[in-house]
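data_6.cif (mmCIF, C-alpha atoms)
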data_work
#
loop_
_atom_site.label_atom_id
_atom_site.label_comp_id
_atom_site.auth_asym_id
_atom_site.auth_seq_id
_atom_site.Cartn_x
_atom_site.Cartn_y
_atom_site.Cartn_z
CA MET X 9 20.18 -42.94 15.74
CA ASP X 10 16.41 -42.56 15.33
CA PHE X 11 16.58 -38.97 16.58
CA LEU X 12 18.39 -38.04 13.38
CA LEU X 13 15.32 -39.04 11.42
CA ASP X 14 12.67 -37.17 13.46
CA GLY X 15 12.55 -34.34 10.96
CA VAL X 16 12.37 -36.61 7.95
CA LYS X 17 9.67 -38.74 9.59
CA THR X 18 7.57 -35.62 10.18
CA LEU X 19 7.97 -34.72 6.53
CA PHE X 20 6.57 -38.06 5.46
CA SER X 21 3.72 -38.01 7.96
CA ALA X 22 0.18 -36.92 7.11
CA GLY X 23 0.29 -33.27 6.16
CA GLY X 24 3.99 -33.36 5.43
CA TRP X 25 3.32 -32.66 1.77
CA LYS X 26 2.08 -29.20 2.80
CA MET X 27 5.53 -28.40 4.14
CA LEU X 28 7.07 -29.45 0.84
CA LEU X 29 4.57 -27.25 -0.97
CA MET X 30 5.58 -24.30 1.24
CA TRP X 31 9.24 -24.93 0.37
CA ALA X 32 8.22 -24.68 -3.27
CA ILE X 33 6.28 -21.47 -2.62
CA GLY X 34 9.21 -20.03 -0.70
CA GLY X 35 11.50 -20.98 -3.54
CA LEU X 36 9.13 -19.37 -6.02
CA LEU X 37 9.14 -16.09 -4.08
CA ILE X 38 12.95 -16.14 -3.98
CA PHE X 39 13.06 -16.89 -7.71
CA LEU X 40 10.66 -14.05 -8.56
CA ALA X 41 12.64 -11.68 -6.36
CA ILE X 42 16.00 -12.48 -7.94
CA LYS X 43 15.10 -13.30 -11.54
CA PHE X 44 12.40 -10.70 -12.16
CA ASP X 45 13.21 -8.14 -9.47
CA TYR X 46 9.74 -8.53 -7.90
CA GLU X 47 9.96 -6.53 -4.66
CA PRO X 48 13.14 -8.40 -3.73
CA ALA X 49 13.57 -6.60 -0.40
CA LEU X 50 10.45 -8.28 0.94
CA LEU X 51 9.75 -11.30 -1.20
CA LEU X 52 13.22 -12.79 -0.75
CA PRO X 53 13.15 -12.73 3.07
CA MET X 54 9.53 -13.92 3.04
CA GLY X 55 10.43 -16.74 0.69
CA PHE X 56 13.39 -17.85 2.76
CA GLY X 57 11.38 -17.45 5.94
CA ALA X 58 8.66 -19.66 4.46
CA ILE X 59 11.25 -22.42 4.12
CA LEU X 60 12.58 -21.84 7.65
CA VAL X 61 9.20 -22.06 9.36
CA ASN X 62 8.18 -25.12 7.35
CA LEU X 63 11.15 -27.28 8.19
CA PRO X 64 9.87 -30.07 10.44
CA LEU X 65 10.15 -29.30 14.17
CA SER X 66 11.71 -25.98 13.17
CA GLY X 67 13.75 -24.30 15.86
CA VAL X 68 12.67 -20.83 14.68
CA LEU X 69 9.20 -21.46 16.10
CA GLY X 70 8.07 -22.07 19.66
CA GLU X 71 8.57 -19.97 22.74
CA SER X 72 12.27 -19.55 22.23
CA GLY X 73 12.16 -19.53 18.44
CA ILE X 74 13.64 -16.39 16.87
CA VAL X 75 10.97 -15.92 14.18
CA GLN X 76 8.16 -16.34 16.68
CA TRP X 77 9.91 -13.94 19.06
CA LEU X 78 10.41 -11.37 16.29
CA PHE X 79 6.73 -11.67 15.41
CA SER X 80 5.49 -11.30 18.98
CA ILE X 81 7.73 -8.30 19.68
CA GLY X 82 7.88 -6.70 16.26
CA ILE X 83 4.32 -7.10 15.08
CA GLU X 84 1.95 -8.64 17.60
CA ALA X 85 2.78 -6.35 20.53
CA SER X 86 2.39 -2.98 18.78
CA GLU X 87 3.10 -3.38 15.05
CA ALA X 88 6.52 -1.83 15.68
CA LEU X 89 8.26 -3.11 12.56
CA PRO X 90 5.80 -1.83 9.93
CA LEU X 91 5.42 1.47 11.77
CA ILE X 92 9.15 2.07 12.11
CA LEU X 93 9.48 1.25 8.41
CA PHE X 94 6.98 4.01 7.76
CA ILE X 95 9.40 6.53 9.27
CA GLY X 96 11.87 5.54 6.59
CA ILE X 97 9.23 5.68 3.85
CA GLY X 98 8.09 9.12 4.98
CA ALA X 99 11.67 10.34 4.87
CA MET X 100 12.01 9.08 1.29
CA ILE X 101 8.95 10.83 -0.09
CA ASP X 102 9.05 14.27 -1.69
CA PHE X 103 5.54 15.65 -1.44
CA GLY X 104 6.53 18.69 -3.51
CA PRO X 105 4.68 17.75 -6.76
CA LEU X 106 1.55 17.05 -4.71
CA LEU X 107 1.73 20.23 -2.66
CA ALA X 108 2.27 22.28 -5.83
CA ASP X 109 -0.95 20.85 -7.30
CA PRO X 110 -3.34 20.06 -4.44
CA LYS X 111 -6.11 18.73 -6.68
CA MET X 112 -3.97 15.60 -7.04
CA PHE X 113 -5.05 14.70 -3.52
CA LEU X 114 -8.40 13.69 -5.00
CA PHE X 115 -6.86 10.97 -7.17
CA GLY X 116 -5.19 9.36 -4.21
CA ALA X 117 -8.56 9.21 -2.50
CA ALA X 118 -10.36 7.81 -5.56
CA ALA X 119 -7.79 5.10 -6.12
CA GLN X 120 -8.54 3.49 -2.74
CA PHE X 121 -11.98 2.37 -3.87
CA GLY X 122 -10.63 -1.07 -4.69
CA ILE X 123 -10.07 -1.69 -0.97
CA PHE X 124 -13.75 -1.31 -0.23
CA ALA X 125 -14.85 -3.19 -3.33
CA ALA X 126 -12.65 -6.12 -2.34
CA ILE X 127 -14.01 -6.10 1.22
CA THR X 128 -17.53 -6.43 -0.16
CA VAL X 129 -16.59 -9.18 -2.61
CA ALA X 130 -14.78 -11.02 0.18
CA ALA X 131 -17.99 -10.94 2.20
CA LEU X 132 -19.82 -12.43 -0.79
CA PHE X 133 -17.27 -15.26 -0.76
CA GLY X 134 -18.19 -15.98 2.84
CA PHE X 135 -15.28 -14.40 4.72
CA ASN X 136 -16.16 -12.93 8.11
CA LEU X 137 -15.92 -9.18 8.57
CA ALA X 138 -12.43 -9.06 10.09
CA ASP X 139 -10.96 -11.30 7.42
CA ALA X 140 -12.84 -9.53 4.60
CA ALA X 141 -11.52 -6.16 5.79
CA SER X 142 -7.98 -7.50 6.12
CA ILE X 143 -8.12 -8.97 2.62
CA GLY X 144 -9.55 -5.76 1.18
CA ILE X 145 -6.58 -3.83 2.56
CA ILE X 146 -4.41 -5.58 -0.02
CA GLY X 147 -5.85 -2.86 -2.26
CA ALA X 148 -4.00 -0.26 -0.20
CA ALA X 149 -0.94 -1.44 -2.16
CA ASP X 150 1.08 -0.89 0.97
CA GLY X 151 2.76 -3.73 2.81
CA PRO X 152 3.04 -2.15 6.28
CA THR X 153 -0.60 -1.03 6.19
CA ALA X 154 -1.77 -4.48 5.13
CA ILE X 155 0.29 -6.13 7.87
CA LEU X 156 -0.85 -3.71 10.55
CA VAL X 157 -4.56 -3.88 9.73
CA SER X 158 -4.64 -7.67 9.40
CA GLN X 159 -2.75 -8.07 12.67
CA GLN X 160 -4.97 -5.63 14.57
CA LEU X 161 -8.09 -7.37 13.24
CA LYS X 162 -6.54 -10.73 14.16
CA SER X 163 -7.07 -12.06 10.67
CA ASN X 164 -6.28 -15.71 10.09
CA TYR X 165 -4.72 -14.92 6.75
CA MET X 166 -1.95 -12.42 7.45
CA GLY X 167 0.66 -14.48 5.64
CA GLN X 168 -1.40 -14.71 2.47
CA ILE X 169 -2.34 -11.04 2.69
CA ALA X 170 1.31 -9.98 3.00
CA VAL X 171 2.36 -12.18 0.09
CA ALA X 172 -0.51 -10.90 -2.05
CA ALA X 173 0.14 -7.26 -1.17
CA TYR X 174 3.84 -7.37 -2.04
CA SER X 175 3.35 -9.60 -5.09
CA TYR X 176 0.76 -7.33 -6.65
CA MET X 177 2.85 -4.27 -5.85
CA ALA X 178 5.56 -5.92 -7.91
CA LEU X 179 3.05 -6.67 -10.67
CA VAL X 180 1.85 -3.06 -10.99
CA PRO X 181 3.62 -2.75 -14.40
CA ILE X 182 1.32 -5.52 -15.65
CA VAL X 183 -1.90 -4.93 -13.71
CA LEU X 184 -2.07 -1.15 -14.14
CA PRO X 185 -1.89 -0.97 -17.95
CA PHE X 186 -4.46 -3.76 -18.21
CA ALA X 187 -6.90 -1.92 -15.93
CA ILE X 188 -6.31 1.45 -17.59
CA LYS X 189 -6.93 0.13 -21.09
CA LEU X 190 -10.20 -1.45 -19.93
CA VAL X 191 -11.74 1.94 -19.20
CA THR X 192 -10.00 4.43 -21.47
CA THR X 193 -9.95 5.13 -25.18
CA LYS X 194 -6.81 5.96 -27.14
CA LYS X 195 -8.06 9.52 -27.51
CA GLU X 196 -8.31 9.86 -23.75
CA ARG X 197 -4.84 8.42 -23.22
CA LEU X 198 -3.48 11.01 -25.66
CA ILE X 199 -4.64 13.98 -23.60
CA ARG X 200 -1.64 16.19 -23.06
CA MET X 201 -0.92 17.75 -19.73
CA ASP X 202 1.50 20.62 -19.40
CA TYR X 203 3.54 20.86 -16.28
CA LYS X 204 4.08 24.23 -14.77
CA PRO X 205 6.30 23.72 -11.75
CA GLY X 206 4.86 25.59 -8.81
CA THR X 207 6.98 26.76 -5.95
CA VAL X 208 6.29 25.23 -2.60
CA SER X 209 7.89 26.98 0.32
CA LYS X 210 9.86 25.27 3.02
CA ARG X 211 7.25 26.51 5.47
CA THR X 212 4.52 24.63 3.62
CA LYS X 213 6.64 21.48 3.41
CA ILE X 214 7.21 21.61 7.17
CA LEU X 215 3.61 22.41 8.14
CA PHE X 216 2.11 19.84 5.78
CA PRO X 217 3.10 16.68 7.73
CA ILE X 218 1.92 18.26 10.98
CA PHE X 219 -1.47 19.29 9.63
CA ALA X 220 -1.92 16.04 7.75
CA THR X 221 -1.38 14.05 10.94
CA ILE X 222 -3.79 16.20 12.95
CA VAL X 223 -6.56 16.09 10.31
CA ALA X 224 -6.23 12.36 9.69
CA GLY X 225 -6.03 11.68 13.41
CA LEU X 226 -9.19 13.64 14.17
CA VAL X 227 -11.25 11.97 11.43
CA ALA X 228 -9.74 8.49 11.69
CA PRO X 229 -8.09 8.03 15.10
CA ALA X 230 -7.08 4.48 14.27
CA SER X 231 -4.86 5.87 11.49
CA VAL X 232 -2.75 8.01 13.84
CA SER X 233 0.05 5.47 14.14
CA LEU X 234 0.27 4.92 10.39
CA VAL X 235 -0.13 8.53 9.26
CA GLY X 236 1.81 9.85 12.22
CA PHE X 237 4.91 7.77 11.63
CA LEU X 238 4.81 8.42 7.88
CA MET X 239 4.59 12.16 8.48
CA PHE X 240 7.20 12.03 11.24
CA GLY X 241 9.65 10.62 8.73
CA ASN X 242 8.68 13.31 6.26
CA LEU X 243 9.10 16.05 8.84
CA ILE X 244 12.60 14.82 9.61
CA ARG X 245 13.33 15.11 5.89
CA GLU X 246 11.81 18.53 5.32
CA CYS X 247 12.84 20.41 8.46
CA GLY X 248 16.32 20.95 7.06
CA LYS X 249 18.03 20.52 10.42
CA LEU X 250 18.23 16.76 10.64
CA ASP X 251 19.96 15.70 7.43
CA ASN X 252 21.85 12.90 9.17
CA LEU X 253 18.68 11.51 10.73
CA SER X 254 16.87 11.81 7.42
CA LYS X 255 19.62 9.88 5.62
CA THR X 256 19.67 7.27 8.37
CA ALA X 257 15.89 6.87 8.20
CA GLN X 258 15.94 6.51 4.40
CA ASN X 259 18.82 4.07 4.35
CA GLU X 260 20.01 2.22 7.43
CA LEU X 261 16.72 2.27 9.34
CA ALA X 262 14.57 1.33 6.34
CA ASN X 263 16.97 -1.41 5.28
CA LEU X 264 17.33 -2.85 8.77
CA VAL X 265 13.61 -3.02 9.36
CA THR X 266 12.99 -4.40 5.87
CA ILE X 267 15.42 -7.25 6.53
CA LEU X 268 13.59 -8.15 9.73
CA LEU X 269 10.02 -7.52 8.51
CA GLY X 270 10.11 -10.01 5.66
CA ILE X 271 11.47 -12.84 7.71
CA THR X 272 9.14 -12.00 10.60
CA ILE X 273 6.05 -12.17 8.42
CA SER X 274 7.01 -15.70 7.46
CA PHE X 275 5.78 -16.70 10.94
CA LYS X 276 2.35 -16.58 9.36
CA MET X 277 3.42 -18.76 6.46
CA THR X 278 3.41 -22.13 8.17
CA ALA X 279 1.82 -24.89 6.13
CA GLU X 280 -1.20 -25.19 8.44
CA GLN X 281 -2.02 -21.51 7.96
CA PHE X 282 -1.04 -20.99 4.35
CA VAL X 283 -1.97 -24.11 2.42
CA SER X 284 -5.70 -23.90 1.87
CA THR X 285 -8.20 -23.03 -0.83
CA TYR X 286 -8.69 -19.71 0.95
CA THR X 287 -5.24 -18.68 -0.23
CA ILE X 288 -6.36 -18.86 -3.85
CA PHE X 289 -9.47 -16.81 -3.04
CA ILE X 290 -7.30 -14.23 -1.28
CA MET X 291 -4.99 -13.94 -4.30
CA ILE X 292 -8.02 -13.42 -6.55
CA LEU X 293 -9.51 -10.83 -4.19
CA GLY X 294 -6.18 -9.01 -4.01
CA LEU X 295 -6.12 -8.76 -7.77
CA ILE X 296 -9.71 -7.48 -7.78
CA ALA X 297 -8.68 -4.82 -5.25
CA PHE X 298 -5.78 -3.59 -7.38
CA VAL X 299 -7.77 -3.56 -10.61
CA PHE X 300 -10.66 -1.69 -9.04
CA ASP X 301 -8.23 0.80 -7.48
CA ALA X 302 -6.91 1.70 -10.92
CA ILE X 303 -10.33 1.70 -12.57
CA ALA X 304 -11.79 3.93 -9.85
CA GLY X 305 -8.96 6.42 -10.18
CA VAL X 306 -9.36 6.57 -13.96
CA VAL X 307 -13.15 6.85 -13.82
CA PHE X 308 -12.86 9.63 -11.25
CA ALA X 309 -10.55 11.55 -13.58
CA LYS X 310 -13.03 11.10 -16.41
CA PHE X 311 -15.81 12.35 -14.15
CA LEU X 312 -13.78 15.46 -13.30
CA ASN X 313 -13.17 16.04 -17.01
CA LEU X 314 -16.91 16.58 -17.47
CA PHE X 315 -16.49 19.84 -15.59
CA LEU X 316 -13.02 20.93 -16.63
CA LYS X 317 -12.05 22.97 -19.64
CA LYS X 318 -8.45 21.84 -19.43
CA LYS X 319 -8.81 18.07 -19.44
CA ILE X 320 -6.85 15.71 -17.24
CA ASN X 321 -5.31 12.63 -18.80
CA PRO X 322 -7.42 9.96 -17.03
CA MET X 323 -4.41 7.65 -16.67
CA ILE X 324 -3.27 10.00 -13.90
CA GLY X 325 -6.11 8.65 -11.79
CA ALA X 326 -4.59 5.18 -11.83
CA ALA X 327 -1.36 6.60 -10.43
CA GLY X 328 -3.26 7.23 -7.20
CA ILE X 329 -2.50 3.63 -6.24
CA SER X 330 -0.09 3.69 -3.33
CA ALA X 331 2.57 1.54 -5.03
CA PHE X 332 5.21 4.26 -4.94
CA PRO X 333 7.00 5.12 -7.18
CA MET X 334 6.14 2.31 -9.56
CA ALA X 335 2.58 3.44 -10.34
CA ALA X 336 3.77 6.94 -11.27
CA ARG X 337 6.46 5.57 -13.56
CA VAL X 338 4.10 3.10 -15.24
CA VAL X 339 1.56 5.84 -16.04
CA HIS X 340 4.34 8.13 -17.29
CA LYS X 341 5.65 5.39 -19.60
CA MET X 342 2.15 4.65 -20.89
CA GLY X 343 1.74 8.32 -21.69
CA LEU X 344 5.02 8.42 -23.60
CA LYS X 345 4.10 5.28 -25.48
CA GLU X 346 0.93 6.93 -26.74
CA ASP X 347 2.60 10.29 -27.41
CA ASN X 348 6.32 10.68 -26.95
CA GLN X 349 5.91 14.38 -26.18
CA ASN X 350 3.45 13.88 -23.34
CA PHE X 351 5.34 13.98 -20.07
CA LEU X 352 3.04 12.93 -17.27
CA LEU X 353 5.60 12.11 -14.58
CA MET X 354 5.18 15.12 -12.31
CA HIS X 355 1.38 14.80 -12.43
CA SER X 356 1.46 11.07 -11.85
CA ALA X 357 4.02 11.50 -9.05
CA GLY X 358 1.68 13.92 -7.32
CA ALA X 359 -1.20 11.46 -7.57
CA ASN X 360 1.06 8.61 -6.46
CA VAL X 361 2.26 10.26 -3.25
CA SER X 362 -1.31 11.30 -2.55
CA GLY X 363 -2.17 7.63 -2.78
CA GLN X 364 0.41 6.89 -0.11
CA ILE X 365 -1.41 9.19 2.29
CA ALA X 366 -4.87 8.05 1.20
CA SER X 367 -3.99 4.36 1.64
CA VAL X 368 -2.93 4.76 5.26
CA VAL X 369 -6.00 6.91 5.97
CA ALA X 370 -8.16 4.22 4.36
CA GLY X 371 -6.41 1.57 6.45
CA GLY X 372 -7.08 3.53 9.61
CA LEU X 373 -10.71 4.09 8.66
CA VAL X 374 -11.28 0.42 7.90
CA LEU X 375 -9.66 -0.50 11.20
CA GLY X 376 -11.80 1.93 13.18
CA LEU X 377 -15.05 1.04 11.42
CA VAL X 378 -14.56 -2.71 11.67
CA GLN X 379 -13.49 -2.62 15.32
CA LYS X 380 -16.69 -0.73 16.14
CA MET X 381 -18.78 -3.36 14.38
CA LEU X 382 -17.12 -6.41 15.93
CA MET I 23 -14.28 -18.37 5.67
CA GLY I 24 -17.67 -19.91 6.02
CA THR I 25 -21.07 -19.52 4.49
CA PHE I 26 -22.31 -16.26 3.07
CA ASP I 27 -23.86 -13.99 5.73
CA ILE I 28 -26.11 -11.18 4.50
CA ASN I 29 -25.43 -9.18 7.68
CA VAL I 30 -21.73 -9.15 6.93
CA LEU I 31 -22.49 -7.97 3.41
CA PHE I 32 -24.54 -5.06 4.76
CA GLN I 33 -21.73 -4.21 7.14
CA THR I 34 -19.21 -4.15 4.29
CA LEU I 35 -21.47 -1.87 2.26
CA GLN I 36 -21.66 0.43 5.28
CA ILE I 37 -17.86 0.35 5.54
CA MET I 38 -17.68 1.13 1.83
CA TRP I 39 -19.72 4.30 1.88
CA GLN I 40 -18.35 5.54 5.20
CA GLY I 41 -14.81 4.66 4.17
CA VAL I 42 -14.99 6.34 0.77
CA VAL I 43 -16.56 9.47 2.27
CA GLY I 44 -14.00 9.46 5.08
CA VAL I 45 -10.98 9.13 2.78
CA PHE I 46 -12.23 11.89 0.52
CA ALA I 47 -13.08 14.11 3.50
CA VAL I 48 -9.60 13.79 4.99
CA LEU I 49 -7.81 14.32 1.69
CA ILE I 50 -10.00 17.29 0.71
CA ILE I 51 -9.44 18.98 4.07
CA ILE I 52 -5.70 18.44 3.79
CA ALA I 53 -5.75 19.71 0.20
CA LEU I 54 -7.59 22.86 1.27
CA ILE I 55 -5.08 23.48 4.05
CA VAL I 56 -2.21 23.02 1.60
CA TRP I 57 -3.88 25.35 -0.89
CA ILE I 58 -4.27 28.04 1.78
CA LEU I 59 -0.67 27.59 2.86
CA THR I 60 0.60 27.91 -0.72
CA LEU I 61 -1.55 31.02 -1.23
CA THR I 62 0.21 32.66 1.65
CA ASP I 63 3.63 31.50 0.50
CA LYS I 64 5.96 34.33 -0.39
CA LYS I 65 6.78 34.18 -4.09
CA PRO I 66 10.54 33.95 -4.74
CA LEU I 67 12.13 37.23 -5.89
CA ASN I 68 14.68 35.33 -7.91
CA LYS I 69 15.67 31.74 -8.42
CA ASP I 70 18.20 31.89 -5.59
CA ASN I 71 15.70 33.03 -2.99
CA LYS I 72 14.44 29.93 -1.17
#

Encoding of this model in structure tokens:
Amino acid sequence: MDFLLDGVKTLFSAGGWKMLLMWAIGGLLIFLAIKFDYEPALLLPMGFGAILVNLPLSGVLGESGIVQWLFSIGIEASEALPLILFIGIGAMIDFGPLLADPKMFLFGAAAQFGIFAAITVAALFGFNLADAASIGIIGAADGPTAILVSQQLKSNYMGQIAVAAYSYMALVPIVLPFAIKLVTTKKERLIRMDYKPGTVSKRTKILFPIFATIVAGLVAPASVSLVGFLMFGNLIRECGKLDNLSKTAQNELANLVTILLGITISFKMTAEQFVSTYTIFIMILGLIAFVFDAIAGVVFAKFLNLFLKKKINPMIGAAGISAFPMAARVVHKMGLKEDNQNFLLMHSAGANVSGQIASVVAGGLVLGLVQKML
Amino acid sequence: MGTFDINVLFQTLQIMWQGVVGVFAVLIIIALIVWILTLTDKKPLNKDNK
């Protein structure tokens, strides 16, 4: 009858308390997902997966374990799961507001500064280059990018990075206003922006994903998979001939991959890998990345205002964070709170989708630069 | 994570400036291409003309 107690004995062995702690963390992620609607599509599977992989002698691990198999096929081999998810994300995005106002591209670029700031701070904390770069990518505010970069760089902290990335994406409604108010005055937040809808032709919407992929691929070859799959999804959406495929990509494909991705990432949430003081440092660094993203976007907008007659509301800069569409909505709501006649949504949406492109380009650049240095 | 290594710090600063320049370069080039494309877009004659 002893065999019935093997699992329980492991739990009460040295280090067993870490498994119990991971059950609590998994439970917390599930609670946050359900109670507060914090990125439930990812945090709930990750939370449940954290419990699965931390049950003693868990059958989901090992050579024939399903979670380990999903990880080796879906992420380790070629990052298939995050990249296929990007097809769905690309199909969901309407780049129209951005294409109608191309200067919004600049805000997406500016709002990636937090990635690089966090990489540098991580180095100050003593992380090696690969881990520092992987941690900094939390600032991309994009789960698939964070997973892909940390996997390619063979970071030891992929589980923590994924949890941090998705948690802070869910906390954008709290983090963004805090960061914006640090570097803006009420007068600046009251700047009104009129929206004059520009027309963007179907031709432009079709050519854009093709050109974007080519340009990004030439400058940052390591970003081709990320940018390429994002733009492939968008091309399916915009070509006008593949409505069924577009709908499938946005719905069934995205949902299917999301179900698998969350539980697959939990492979990196075993107690041995997750329970350490480094996890706390990574959470702090992730927060630094997000805050600096927003601050950089806002400061860039203020810098541009030095040269512009028609001022930009600097909050738009913070919408360049890739957390789509939450960042755009948060900035829009902040604008309305200051002045209920100031409708910033189309401007902030343009900056927000630009951030989506900029974050994957930044991820590719970081990957390429770090791999050259290692 | 280990002890602080000044060489790693220098490498991250290099990544920072090259990364920031690279992101801006890519986005500016794409923005310019989009701007040129929209310049050559035919303006709609009426609201039904797509």

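Distance-wise, atom CA of Phe94 of chain X and atom CA of Pro152 of chain X end up 7.5 Å apart.
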
I need the contact residues of chain X against chain I, so if you could list those with any atom within 9 Å, counting all atoms listed in the file, and return them as an NGL selection string, that would help. :X and (107-114 or 116-118 or 120-121 or 123-125 or 127-137 or 139-141 or 207-212 or 215-216 or 219-220 or 223-224 or 227-228 or 286 or 362 or 365-367 or 369-370 or 373-374 or 377-378 or 381)

Which residues, protein or nucleic acid, reach to within 8 Å of (-5.0, 11.5, -14.3) in the file's coordinates when using all atoms listed in the file, and can you give that as a PyMOL selection string? chain X and resi 115+305-306+309+320-327+355-356+359

Filtering to C-alpha atoms, could you give me those residues as a JSON list (two decimals), in the coordinates of the input?
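Below you can see part-v8.json, which holds the result:
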[["chain", "number", "residue", "atom", "x", "y", "z"],
["X", 115, "PHE", "CA", -6.86, 10.97, -7.17],
["X", 305, "GLY", "CA", -8.96, 6.42, -10.18],
["X", 306, "VAL", "CA", -9.36, 6.57, -13.96],
["X", 309, "ALA", "CA", -10.55, 11.55, -13.58],
["X", 320, "ILE", "CA", -6.85, 15.71, -17.24],
["X", 321, "ASN", "CA", -5.31, 12.63, -18.80],
["X", 322, "PRO", "CA", -7.42, 9.96, -17.03],
["X", 323, "MET", "CA", -4.41, 7.65, -16.67],
["X", 324, "ILE", "CA", -3.27, 10.00, -13.90],
["X", 325, "GLY", "CA", -6.11, 8.65, -11.79],
["X", 326, "ALA", "CA", -4.59, 5.18, -11.83],
["X", 327, "ALA", "CA", -1.36, 6.60, -10.43],
["X", 355, "HIS", "CA", 1.38, 14.80, -12.43],
["X", 356, "SER", "CA", 1.46, 11.07, -11.85],
["X", 359, "ALA", "CA", -1.20, 11.46, -7.57]]

Atom pair atom CA of Gly98 of chain X / atom CA of Gln258 of chain X: separation (Å):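 Spanning atom CA of Gly98 of chain X to atom CA of Gln258 of chain X is a straight-line distance of 8.3 Å.
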
Students should find that atom CA of Ala170 of chain X and atom CA of Gly147 of chain X are spaced 11.4 Å

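For the point (8.0, -11.8, -7.6) in file coordinates, the residues within 10 Å, using only C-alpha atoms, are Leu36, Leu37, Ile38, Phe39, Leu40, Ala41, Ile42, Lys43, Phe44, Asp45, Tyr46, Glu47, Pro48, Leu50, Leu51, Leu52, Gly55, Val171, Tyr174, Ser175, Tyr176, Met177, Ala178 and Leu179 of chain X.
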
Would you save the residues from that selection as a PDB file, in the frame of the given file, using C-alpha atoms?
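Result file again.pdb:
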ATOM      1  CA  LEU X  36       9.130 -19.370  -6.020  1.00  0.00           C
ATOM      2  CA  LEU X  37       9.140 -16.090  -4.080  1.00  0.00           C
ATOM      3  CA  ILE X  38      12.950 -16.140  -3.980  1.00  0.00           C
ATOM      4  CA  PHE X  39      13.060 -16.890  -7.710  1.00  0.00           C
ATOM      5  CA  LEU X  40      10.660 -14.050  -8.560  1.00  0.00           C
ATOM      6  CA  ALA X  41      12.640 -11.680  -6.360  1.00  0.00           C
ATOM      7  CA  ILE X  42      16.000 -12.480  -7.940  1.00  0.00           C
ATOM      8  CA  LYS X  43      15.100 -13.300 -11.540  1.00  0.00           C
ATOM      9  CA  PHE X  44      12.400 -10.700 -12.160  1.00  0.00           C
ATOM     10  CA  ASP X  45      13.210  -8.140  -9.470  1.00  0.00           C
ATOM     11  CA  TYR X  46       9.740  -8.530  -7.900  1.00  0.00           C
ATOM     12  CA  GLU X  47       9.960  -6.530  -4.660  1.00  0.00           C
ATOM     13  CA  PRO X  48      13.140  -8.400  -3.730  1.00  0.00           C
ATOM     14  CA  LEU X  50      10.450  -8.280   0.940  1.00  0.00           C
ATOM     15  CA  LEU X  51       9.750 -11.300  -1.200  1.00  0.00           C
ATOM     16  CA  LEU X  52      13.220 -12.790  -0.750  1.00  0.00           C
ATOM     17  CA  GLY X  55      10.430 -16.740   0.690  1.00  0.00           C
ATOM     18  CA  VAL X 171       2.360 -12.180   0.090  1.00  0.00           C
ATOM     19  CA  TYR X 174       3.840  -7.370  -2.040  1.00  0.00           C
ATOM     20  CA  SER X 175       3.350  -9.600  -5.090  1.00  0.00           C
ATOM     21  CA  TYR X 176       0.760  -7.330  -6.650  1.00  0.00           C
ATOM     22  CA  MET X 177       2.850  -4.270  -5.850  1.00  0.00           C
ATOM     23  CA  ALA X 178       5.560  -5.920  -7.910  1.00  0.00           C
ATOM     24  CA  LEU X 179       3.050  -6.670 -10.670  1.00  0.00           C
TER      25      LEU X 179
END

Given the PyMOL selection byres ((chain X and resi 101) around 12), the residues it picks as a ChimeraX atom specification: /X:94-100,102-106,213,217,238-246,254,257-258,330,332-333,357-358,360-365

Draw an axis-aligned box tight on the listed atoms of segment 45-63 of chain I, then pad every side by 6 Å and write out centre and edge lengths in Å to one decimal as lines of an AutoDock Vina configuration file.
center_x = -4.7
center_y = 20.9
center_z = 1.9
size_x = 28.7
size_y = 35.5
size_z = 18.2

Polymer residues at most 12 Å from Leu91 of chain X, only C-alpha atoms, same-chain spacing of 2 or more positions, as a ChimeraX atom specification: /X:82-83,86-89,93-98,150-157,231-241,261-262,265-266,269,368

Only C-alpha atoms, please: the residues just picked out, written as a compact mmCIF listing (two decimals), keeping the file's coordinate frame.
# COMPACT_ATOMS: atom_id res chain seq x y z
CA GLY X 82 7.88 -6.70 16.26
CA ILE X 83 4.32 -7.10 15.08
CA SER X 86 2.39 -2.98 18.78
CA GLU X 87 3.10 -3.38 15.05
CA ALA X 88 6.52 -1.83 15.68
CA LEU X 89 8.26 -3.11 12.56
CA LEU X 93 9.48 1.25 8.41
CA PHE X 94 6.98 4.01 7.76
CA ILE X 95 9.40 6.53 9.27
CA GLY X 96 11.87 5.54 6.59
CA ILE X 97 9.23 5.68 3.85
CA GLY X 98 8.09 9.12 4.98
CA ASP X 150 1.08 -0.89 0.97
CA GLY X 151 2.76 -3.73 2.81
CA PRO X 152 3.04 -2.15 6.28
CA THR X 153 -0.60 -1.03 6.19
CA ALA X 154 -1.77 -4.48 5.13
CA ILE X 155 0.29 -6.13 7.87
CA LEU X 156 -0.85 -3.71 10.55
CA VAL X 157 -4.56 -3.88 9.73
CA SER X 231 -4.86 5.87 11.49
CA VAL X 232 -2.75 8.01 13.84
CA SER X 233 0.05 5.47 14.14
CA LEU X 234 0.27 4.92 10.39
CA VAL X 235 -0.13 8.53 9.26
CA GLY X 236 1.81 9.85 12.22
CA PHE X 237 4.91 7.77 11.63
CA LEU X 238 4.81 8.42 7.88
CA MET X 239 4.59 12.16 8.48
CA PHE X 240 7.20 12.03 11.24
CA GLY X 241 9.65 10.62 8.73
CA LEU X 261 16.72 2.27 9.34
CA ALA X 262 14.57 1.33 6.34
CA VAL X 265 13.61 -3.02 9.36
CA THR X 266 12.99 -4.40 5.87
CA LEU X 269 10.02 -7.52 8.51
CA VAL X 368 -2.93 4.76 5.26
